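Next comes my_file39.pdb, with PDB, C-alpha atoms.
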ATOM      1  CA  MET S 299     129.220  17.105 114.761
ATOM      2  CA  GLU S 300     127.875  17.222 111.242
ATOM      3  CA  PRO S 301     127.062  20.959 111.258
ATOM      4  CA  THR S 302     130.675  21.776 112.091
ATOM      5  CA  PHE S 303     131.809  19.756 109.096
ATOM      6  CA  TYR S 304     129.473  21.575 106.750
ATOM      7  CA  ILE S 305     130.317  24.989 108.191
ATOM      8  CA  ALA S 306     134.038  24.372 107.773
ATOM      9  CA  GLY S 307     133.492  23.135 104.229
ATOM     10  CA  VAL S 308     131.448  26.189 103.313
ATOM     11  CA  VAL S 309     134.123  28.438 104.793
ATOM     12  CA  ALA S 310     136.755  26.643 102.727
ATOM     13  CA  VAL S 311     134.785  27.046  99.507
ATOM     14  CA  ILE S 312     133.930  30.700 100.158
ATOM     15  CA  SER S 313     137.496  31.655 101.008
ATOM     16  CA  THR S 314     138.841  29.836  97.966
ATOM     17  CA  VAL S 315     136.418  31.639  95.644
ATOM     18  CA  LEU S 316     137.314  34.972  97.242
ATOM     19  CA  MET S 317     140.993  34.110  96.858
ATOM     20  CA  LEU S 318     140.523  33.607  93.145
ATOM     21  CA  LYS S 319     138.805  36.972  92.842
ATOM     22  CA  ARG S 320     141.596  38.971  94.497
ATOM     23  CA  LEU S 321     143.966  40.714  92.152
ATOM     24  CA  ASN S 322     146.552  41.553  94.771
ATOM     25  CA  LEU S 323     148.807  38.660  95.631
ATOM     26  CA  VAL S 324     149.036  39.360  99.346
ATOM     27  CA  HIS S 325     145.269  39.653  99.703
ATOM     28  CA  ALA S 326     144.866  36.376  97.845
ATOM     29  CA  LEU S 327     147.369  34.798 100.226
ATOM     30  CA  LEU S 328     145.275  35.869 103.226
ATOM     31  CA  TYR S 329     142.252  34.053 101.821
ATOM     32  CA  LEU S 330     144.388  31.066 100.866
ATOM     33  CA  ILE S 331     145.581  30.730 104.463
ATOM     34  CA  VAL S 332     141.987  30.833 105.688
ATOM     35  CA  SER S 333     141.049  28.203 103.112
ATOM     36  CA  LEU S 334     143.847  25.876 104.216
ATOM     37  CA  LEU S 335     142.907  26.327 107.872
ATOM     38  CA  ALA S 336     139.296  25.498 107.012
ATOM     39  CA  VAL S 337     140.384  22.284 105.310
ATOM     40  CA  SER S 338     142.440  21.537 108.397
ATOM     41  CA  VAL S 339     139.321  21.904 110.548
ATOM     42  CA  VAL S 340     137.496  19.577 108.165
ATOM     43  CA  PHE S 341     140.206  16.978 108.708
ATOM     44  CA  PHE S 342     139.884  17.420 112.449
ATOM     45  CA  VAL S 343     136.137  16.920 112.313
ATOM     46  CA  LEU S 344     136.652  13.803 110.211
ATOM     47  CA  GLY S 345     138.702  12.338 113.041
ATOM     48  CA  ALA S 346     142.161  12.749 111.601
ATOM     49  CA  PRO S 347     143.859  15.160 114.006
ATOM     50  CA  PHE S 348     147.334  14.150 112.847
ATOM     51  CA  VAL S 349     146.586  15.117 109.268
ATOM     52  CA  ALA S 350     144.884  18.296 110.470
ATOM     53  CA  ALA S 351     148.030  19.311 112.364
ATOM     54  CA  LEU S 352     150.201  18.505 109.346
ATOM     55  CA  GLU S 353     147.968  20.569 107.091
ATOM     56  CA  ALA S 354     148.108  23.563 109.410
ATOM     57  CA  ILE S 355     151.857  23.328 109.955
ATOM     58  CA  VAL S 356     153.097  22.465 106.478
ATOM     59  CA  TYR S 357     150.618  24.281 104.257
ATOM     60  CA  ALA S 358     149.497  27.247 106.313
ATOM     61  CA  GLY S 359     152.874  27.545 107.985
ATOM     62  CA  ALA S 360     155.771  26.564 105.784
ATOM     63  CA  ILE S 361     154.431  26.958 102.258
ATOM     64  CA  MET S 362     152.744  30.277 102.986
ATOM     65  CA  VAL S 363     155.954  31.580 104.530
ATOM     66  CA  LEU S 364     157.706  30.515 101.325
ATOM     67  CA  PHE S 365     155.173  32.493  99.298
ATOM     68  CA  LEU S 366     155.651  35.525 101.515
ATOM     69  CA  PHE S 367     159.426  35.266 101.121
ATOM     70  CA  VAL S 368     159.067  35.311  97.363
ATOM     71  CA  VAL S 369     156.717  38.291  97.526
ATOM     72  CA  MET S 370     159.253  40.028  99.732
ATOM     73  CA  MET S 371     162.178  39.226  97.427
ATOM     74  CA  LEU S 372     160.345  40.365  94.319
ATOM     75  CA  ASN S 373     159.741  43.659  96.079
ATOM     76  CA  ILE S 374     156.809  44.713  93.921
ATOM     77  CA  GLY S 375     155.622  47.570  96.086
ATOM     78  CA  ARG S 376     158.782  49.618  96.358
ATOM     79  CA  ASP S 377     156.937  52.564  97.818
ATOM     80  CA  PRO S 378     156.022  52.113 101.496
ATOM     81  CA  GLU S 379     152.985  54.327 101.024
ATOM     82  CA  THR S 380     151.415  51.964  98.495
ATOM     83  CA  GLU S 381     152.081  49.060 100.839
ATOM     84  CA  ARG S 382     150.222  50.916 103.552
ATOM     85  CA  GLN S 383     147.293  51.404 101.220
ATOM     86  CA  TRP S 384     147.111  47.663 100.677
ATOM     87  CA  LEU S 385     146.191  47.008 104.272
ATOM     88  CA  THR S 386     142.993  48.964 104.637
ATOM     89  CA  PRO S 387     140.379  47.573 107.042
ATOM     90  CA  GLY S 388     138.182  46.586 104.119
ATOM     91  CA  ILE S 389     140.822  44.126 103.054
ATOM     92  CA  TRP S 390     141.367  42.194 106.215
ATOM     93  CA  THR S 391     137.818  42.097 107.577
ATOM     94  CA  GLY S 392     136.823  39.299 105.195
ATOM     95  CA  PRO S 393     139.581  36.861 106.189
ATOM     96  CA  VAL S 394     139.218  37.816 109.854
ATOM     97  CA  ILE S 395     135.482  37.032 109.842
ATOM     98  CA  LEU S 396     136.034  33.665 108.189
ATOM     99  CA  ALA S 397     138.922  32.847 110.502
ATOM    100  CA  SER S 398     136.893  33.780 113.593
ATOM    101  CA  ILE S 399     134.164  31.382 112.438
ATOM    102  CA  LEU S 400     136.821  28.687 112.317
ATOM    103  CA  ILE S 401     138.134  29.629 115.759
ATOM    104  CA  LEU S 402     134.640  29.411 117.264
ATOM    105  CA  GLU S 403     134.241  26.028 115.657
ATOM    106  CA  VAL S 404     137.545  24.743 117.048
ATOM    107  CA  VAL S 405     136.616  25.973 120.526
ATOM    108  CA  TYR S 406     133.275  24.203 120.249
ATOM    109  CA  LEU S 407     134.993  21.010 119.098
ATOM    110  CA  ALA S 408     137.525  21.194 121.922
ATOM    111  CA  GLN S 409     134.707  21.477 124.463
ATOM    112  CA  GLY S 410     132.900  18.539 122.897
ATOM    113  CA  ALA S 411     136.214  16.652 123.182
ATOM    114  CA  SER S 412     135.133  13.818 120.866
ATOM    115  CA  ALA S 413     134.891  14.020 117.123
ATOM    116  CA  GLY S 414     131.666  12.239 116.292
ATOM    117  CA  LEU S 415     132.042  11.766 112.547
ATOM    118  CA  GLY S 416     135.417  10.146 112.639
ATOM    119  CA  THR S 417     135.242   7.573 115.373
ATOM    120  CA  GLY S 418     136.471   4.918 112.996
ATOM    121  CA  ALA S 419     139.407   6.837 111.579
ATOM    122  CA  ALA S 420     142.923   5.687 112.239
ATOM    123  CA  GLY S 421     145.004   7.499 114.809
ATOM    124  CA  PRO S 422     148.550   8.768 114.452
ATOM    125  CA  LYS S 423     149.955   5.493 115.718
ATOM    126  CA  GLU S 424     148.339   3.425 112.980
ATOM    127  CA  VAL S 425     149.368   5.991 110.405
ATOM    128  CA  GLY S 426     152.987   5.827 111.528
ATOM    129  CA  ILE S 427     153.042   2.043 111.561
ATOM    130  CA  ALA S 428     151.537   1.900 108.066
ATOM    131  CA  LEU S 429     153.895   4.604 106.827
ATOM    132  CA  PHE S 430     157.061   2.827 107.894
ATOM    133  CA  GLY S 431     155.740  -0.678 107.321
ATOM    134  CA  PRO S 432     154.168  -1.456 103.953
ATOM    135  CA  TYR S 433     154.719   2.056 102.600
ATOM    136  CA  ILE S 434     158.448   2.287 103.261
ATOM    137  CA  ILE S 435     159.179   2.420  99.525
ATOM    138  CA  GLY S 436     156.860   5.393  99.253
ATOM    139  CA  VAL S 437     158.709   7.146 102.049
ATOM    140  CA  GLU S 438     162.004   6.596 100.257
ATOM    141  CA  LEU S 439     160.536   7.882  96.997
ATOM    142  CA  ALA S 440     159.135  10.938  98.772
ATOM    143  CA  SER S 441     162.542  11.653 100.272
ATOM    144  CA  MET S 442     164.171  11.416  96.851
ATOM    145  CA  LEU S 443     161.484  13.687  95.409
ATOM    146  CA  LEU S 444     162.136  16.238  98.139
ATOM    147  CA  LEU S 445     165.866  16.049  97.458
ATOM    148  CA  ALA S 446     165.259  16.570  93.751
ATOM    149  CA  GLY S 447     162.992  19.509  94.560
ATOM    150  CA  LEU S 448     165.669  20.984  96.803
ATOM    151  CA  VAL S 449     168.404  20.686  94.189
ATOM    152  CA  GLY S 450     166.122  21.943  91.441
ATOM    153  CA  ALA S 451     164.982  24.934  93.447
ATOM    154  CA  TYR S 452     168.579  25.757  94.316
ATOM    155  CA  HIS S 453     169.661  25.503  90.716
ATOM    156  CA  LEU S 454     166.781  27.627  89.472
ATOM    157  CA  GLY S 455     167.116  30.190  92.207
ATOM    158  CA  LEU S 456     170.791  30.649  91.560
ATOM    159  CA  ARG S 457     171.506  34.069  90.159
ATOM    160  CA  LYS S 458     173.362  33.381  86.985
ATOM    161  CA  THR S 459     176.945  34.660  86.864
ATOM    162  CA  GLU S 460     177.751  36.890  83.964
ATOM    163  CA  LYS S 461     178.508  34.864  80.897
ATOM    164  CA  PRO S 462     181.516  36.008  78.873
ATOM    165  CA  GLU S 463     179.934  38.259  76.297
ATOM    166  CA  ILE S 464     180.955  38.287  72.711
ATOM    167  CA  HIS S 465     181.685  41.679  71.247
ATOM    168  CA  HIS S 466     183.458  43.126  68.296
ATOM    169  CA  VAL S 467     186.999  44.204  68.922
ATOM    170  CA  THR S 468     186.168  47.839  68.459
ATOM    171  CA  VAL S 469     182.916  49.592  68.206
ATOM    172  CA  THR S 470     183.889  51.763  65.270
ATOM    173  CA  LEU S 471     183.425  50.577  61.755
ATOM    174  CA  GLU S 472     187.121  51.081  60.833
ATOM    175  CA  GLY S 473     188.273  48.974  63.714
ATOM    176  CA  ARG S 474     185.785  46.358  62.756
ATOM    177  CA  ALA S 475     187.165  46.348  59.228
ATOM    178  CA  ASP S 476     190.716  46.099  60.593
ATOM    179  CA  SER S 477     189.978  43.107  62.652
ATOM    180  CA  GLY S 478     188.240  41.460  59.791
ATOM    181  CA  GLY S 479     184.953  41.647  61.643
ATOM    182  CA  ASP S 480     185.696  38.609  63.752
ATOM    183  CA  LEU S 481     184.514  38.215  67.282
ATOM    184  CA  VAL S 482     186.590  37.990  70.423
ATOM    185  CA  LEU S 483     185.770  37.660  74.048
ATOM    186  CA  ALA S 484     185.157  40.909  75.800
ATOM    187  CA  GLY S 485     188.088  41.992  77.896
ATOM    188  CA  ALA S 486     190.593  39.989  75.897
ATOM    189  CA  ASP S 487     193.983  41.558  75.581
ATOM    190  CA  GLN S 488     193.767  43.472  72.319
ATOM    191  CA  SER S 489     197.426  44.515  72.085
ATOM    192  CA  ALA S 490     198.501  40.909  72.034
ATOM    193  CA  ARG S 491     196.042  40.305  69.277
ATOM    194  CA  THR S 492     197.153  43.059  66.908
ATOM    195  CA  THR S 493     200.712  41.826  66.555
TER     196      THR S 493
ATOM    197  CA  MET F 284     143.545  20.517  93.571
ATOM    198  CA  LEU F 285     146.106  18.586  95.580
ATOM    199  CA  ASN F 286     144.208  19.518  98.702
ATOM    200  CA  ALA F 287     141.005  18.166  97.223
ATOM    201  CA  ALA F 288     142.715  14.898  96.300
ATOM    202  CA  GLY F 289     144.126  14.655  99.809
ATOM    203  CA  LEU F 290     140.724  15.363 101.308
ATOM    204  CA  ALA F 291     139.226  12.586  99.214
ATOM    205  CA  PHE F 292     141.925  10.205 100.403
ATOM    206  CA  VAL F 293     141.369  11.070 104.054
ATOM    207  CA  VAL F 294     137.609  10.728 103.741
ATOM    208  CA  ALA F 295     137.981   7.343 102.086
ATOM    209  CA  GLY F 296     140.402   6.214 104.765
ATOM    210  CA  SER F 297     137.990   7.387 107.419
ATOM    211  CA  ARG F 298     135.101   5.596 105.748
ATOM    212  CA  TRP F 299     136.810   2.209 105.581
ATOM    213  CA  HIS F 300     138.680   2.569 108.876
ATOM    214  CA  GLN F 301     142.082   2.333 107.273
ATOM    215  CA  ALA F 302     145.239   4.338 107.821
ATOM    216  CA  ASP F 303     146.160   4.217 104.131
ATOM    217  CA  GLY F 304     144.279   7.368 103.273
ATOM    218  CA  GLN F 305     146.244   9.431 105.754
ATOM    219  CA  VAL F 306     149.488   7.864 104.532
ATOM    220  CA  MET F 307     148.655   8.957 101.011
ATOM    221  CA  PHE F 308     147.889  12.428 102.312
ATOM    222  CA  VAL F 309     151.364  12.622 103.813
ATOM    223  CA  PHE F 310     152.835  11.753 100.404
ATOM    224  CA  ILE F 311     150.681  14.380  98.717
ATOM    225  CA  LEU F 312     151.886  16.916 101.262
ATOM    226  CA  ALA F 313     155.539  16.148 100.497
ATOM    227  CA  MET F 314     154.895  16.374  96.759
ATOM    228  CA  ALA F 315     153.106  19.711  97.105
ATOM    229  CA  ALA F 316     155.985  21.117  99.133
ATOM    230  CA  ALA F 317     158.563  20.115  96.523
ATOM    231  CA  GLU F 318     156.386  21.452  93.733
ATOM    232  CA  VAL F 319     155.876  24.796  95.410
ATOM    233  CA  ALA F 320     159.610  25.184  95.996
ATOM    234  CA  VAL F 321     160.441  24.577  92.345
ATOM    235  CA  GLY F 322     157.604  26.788  91.121
ATOM    236  CA  LEU F 323     158.604  29.711  93.279
ATOM    237  CA  ALA F 324     162.237  29.351  92.184
ATOM    238  CA  LEU F 325     161.009  29.538  88.585
ATOM    239  CA  VAL F 326     159.090  32.720  89.377
ATOM    240  CA  LEU F 327     162.192  34.268  90.920
ATOM    241  CA  GLN F 328     164.309  33.335  87.929
ATOM    242  CA  ILE F 329     161.738  34.830  85.527
ATOM    243  CA  TYR F 330     161.741  38.037  87.513
ATOM    244  CA  HIS F 331     165.528  38.234  87.414
ATOM    245  CA  ARG F 332     165.682  37.691  83.683
ATOM    246  CA  PHE F 333     162.790  39.789  82.465
ATOM    247  CA  ASP F 334     162.419  42.309  85.289
ATOM    248  CA  SER F 335     158.687  41.726  85.289
ATOM    249  CA  LEU F 336     156.177  39.057  86.104
ATOM    250  CA  ASP F 337     154.039  39.824  83.084
ATOM    251  CA  VAL F 338     153.333  36.547  81.347
ATOM    252  CA  ASP F 339     152.987  38.270  77.990
ATOM    253  CA  ALA F 340     156.550  39.559  78.262
ATOM    254  CA  ILE F 341     157.863  36.019  78.385
ATOM    255  CA  SER F 342     157.147  35.086  74.814
ATOM    256  CA  GLU F 343     160.553  34.056  73.608
ATOM    257  CA  MET F 344     159.511  30.712  72.257
ATOM    258  CA  ARG F 345     157.999  31.687  68.932
ATOM    259  CA  GLY F 346     155.892  28.641  68.485
TER     260      GLY F 346
END
Show me, as structure tokens, the structure contained in the file I just sent.
Amino acid sequence: MEPTFYIAGVVAVISTVLMLKRLNLVHALLYLIVSLLAVSVVFFVLGAPFVAALEAIVYAGAIMVLFLFVVMMLNIGRDPETERQWLTPGIWTGPVILASILILEVVYLAQGASAGLGTGAAGPKEVGIALFGPYIIGVELASMLLLAGLVGAYHLGLRKTEKPEIHHVTVTLEGRADSGGDLVLAGADQSARTT
Amino acid sequence: MLNAAGLAFVVAGSRWHQADGQVMFVFILAMAAAEVAVGLALVLQIYHRFDSLDVDAISEMRG
């Protein structure tokens, strides 16, 4: 089982280096997904299938979808033609090759049916018992952190409503002299003010 | 970086036959998720305010 561990580790390192070298965000995301999946395979080889599943679901699933949503909302490539140019075969062959290596490895591991390196690792049951036993404070803290992250992300993502802008009463210099150059809120009733 | 820390935790837990390493990995996972949410919200807000993601354009704090 050791070769599978090293192969998955090498795939993770290679895909991470390639990710750093991409200038296009979407291409970098492809390599990042491959890197996370490779780390997930490493966890599986180490005998922690629960953590491997969490890594694949949370990182490669949820967080990457979040990234893609942000890319979509920013709408960088407004022209559909440029978006089509991004997905040339030269772009996706690299991630596909690395991912197919990982797939072959997972198939091989599934046929072997026993992870040799991690016979001593704890299973999901022990992890759950430890998580809700001695680490219950940590679970509560993590839940509060997630709540704070949720509120913070909502507050930051809120599109700010227009603040009342401060303008001069009139744009012309005479009007500005009439009003004494003081500032009022835009849209304030000017006739009421002049009396 | 967080992934590397989590990998170290899982390896250590696997080495000493303890579940603690995987528990710590679950915490790291939750922290990374919260961090990514806040970071991406910041990116969105920057884009709304400055209409670009150029870091050099966001130089309002004259330090």
### Message
Within 8 Å of chain S, which residues belong to chain F? Use all atoms listed in the file and report them as a PyMOL selection string.
### Response
chain F and resi 290+293-294+296-303+305-306+308-310+312-314+316-325+327-328+330-331
### Query
Between atom CA of Leu328 of chain S and atom CA of Thr314 of chain S, what is the spacing in Å?
10.3 Å
### Message
Measuring between only C-alpha atoms, which one of S:Leu321, S:Val308, S:Ile395, S:Ala326 shows the shortest distance to Leu366 of chain S?
### Response
S:Ala326
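Taking atom CA of Val309 of chain S as the reference point, atom CA of Leu396 of chain S is found at 6.5 Å.
Atom pair atom CA of Val324 of chain S / atom CA of Ile312 of chain S has a distance of 17.4 Å (rounded to one decimal).
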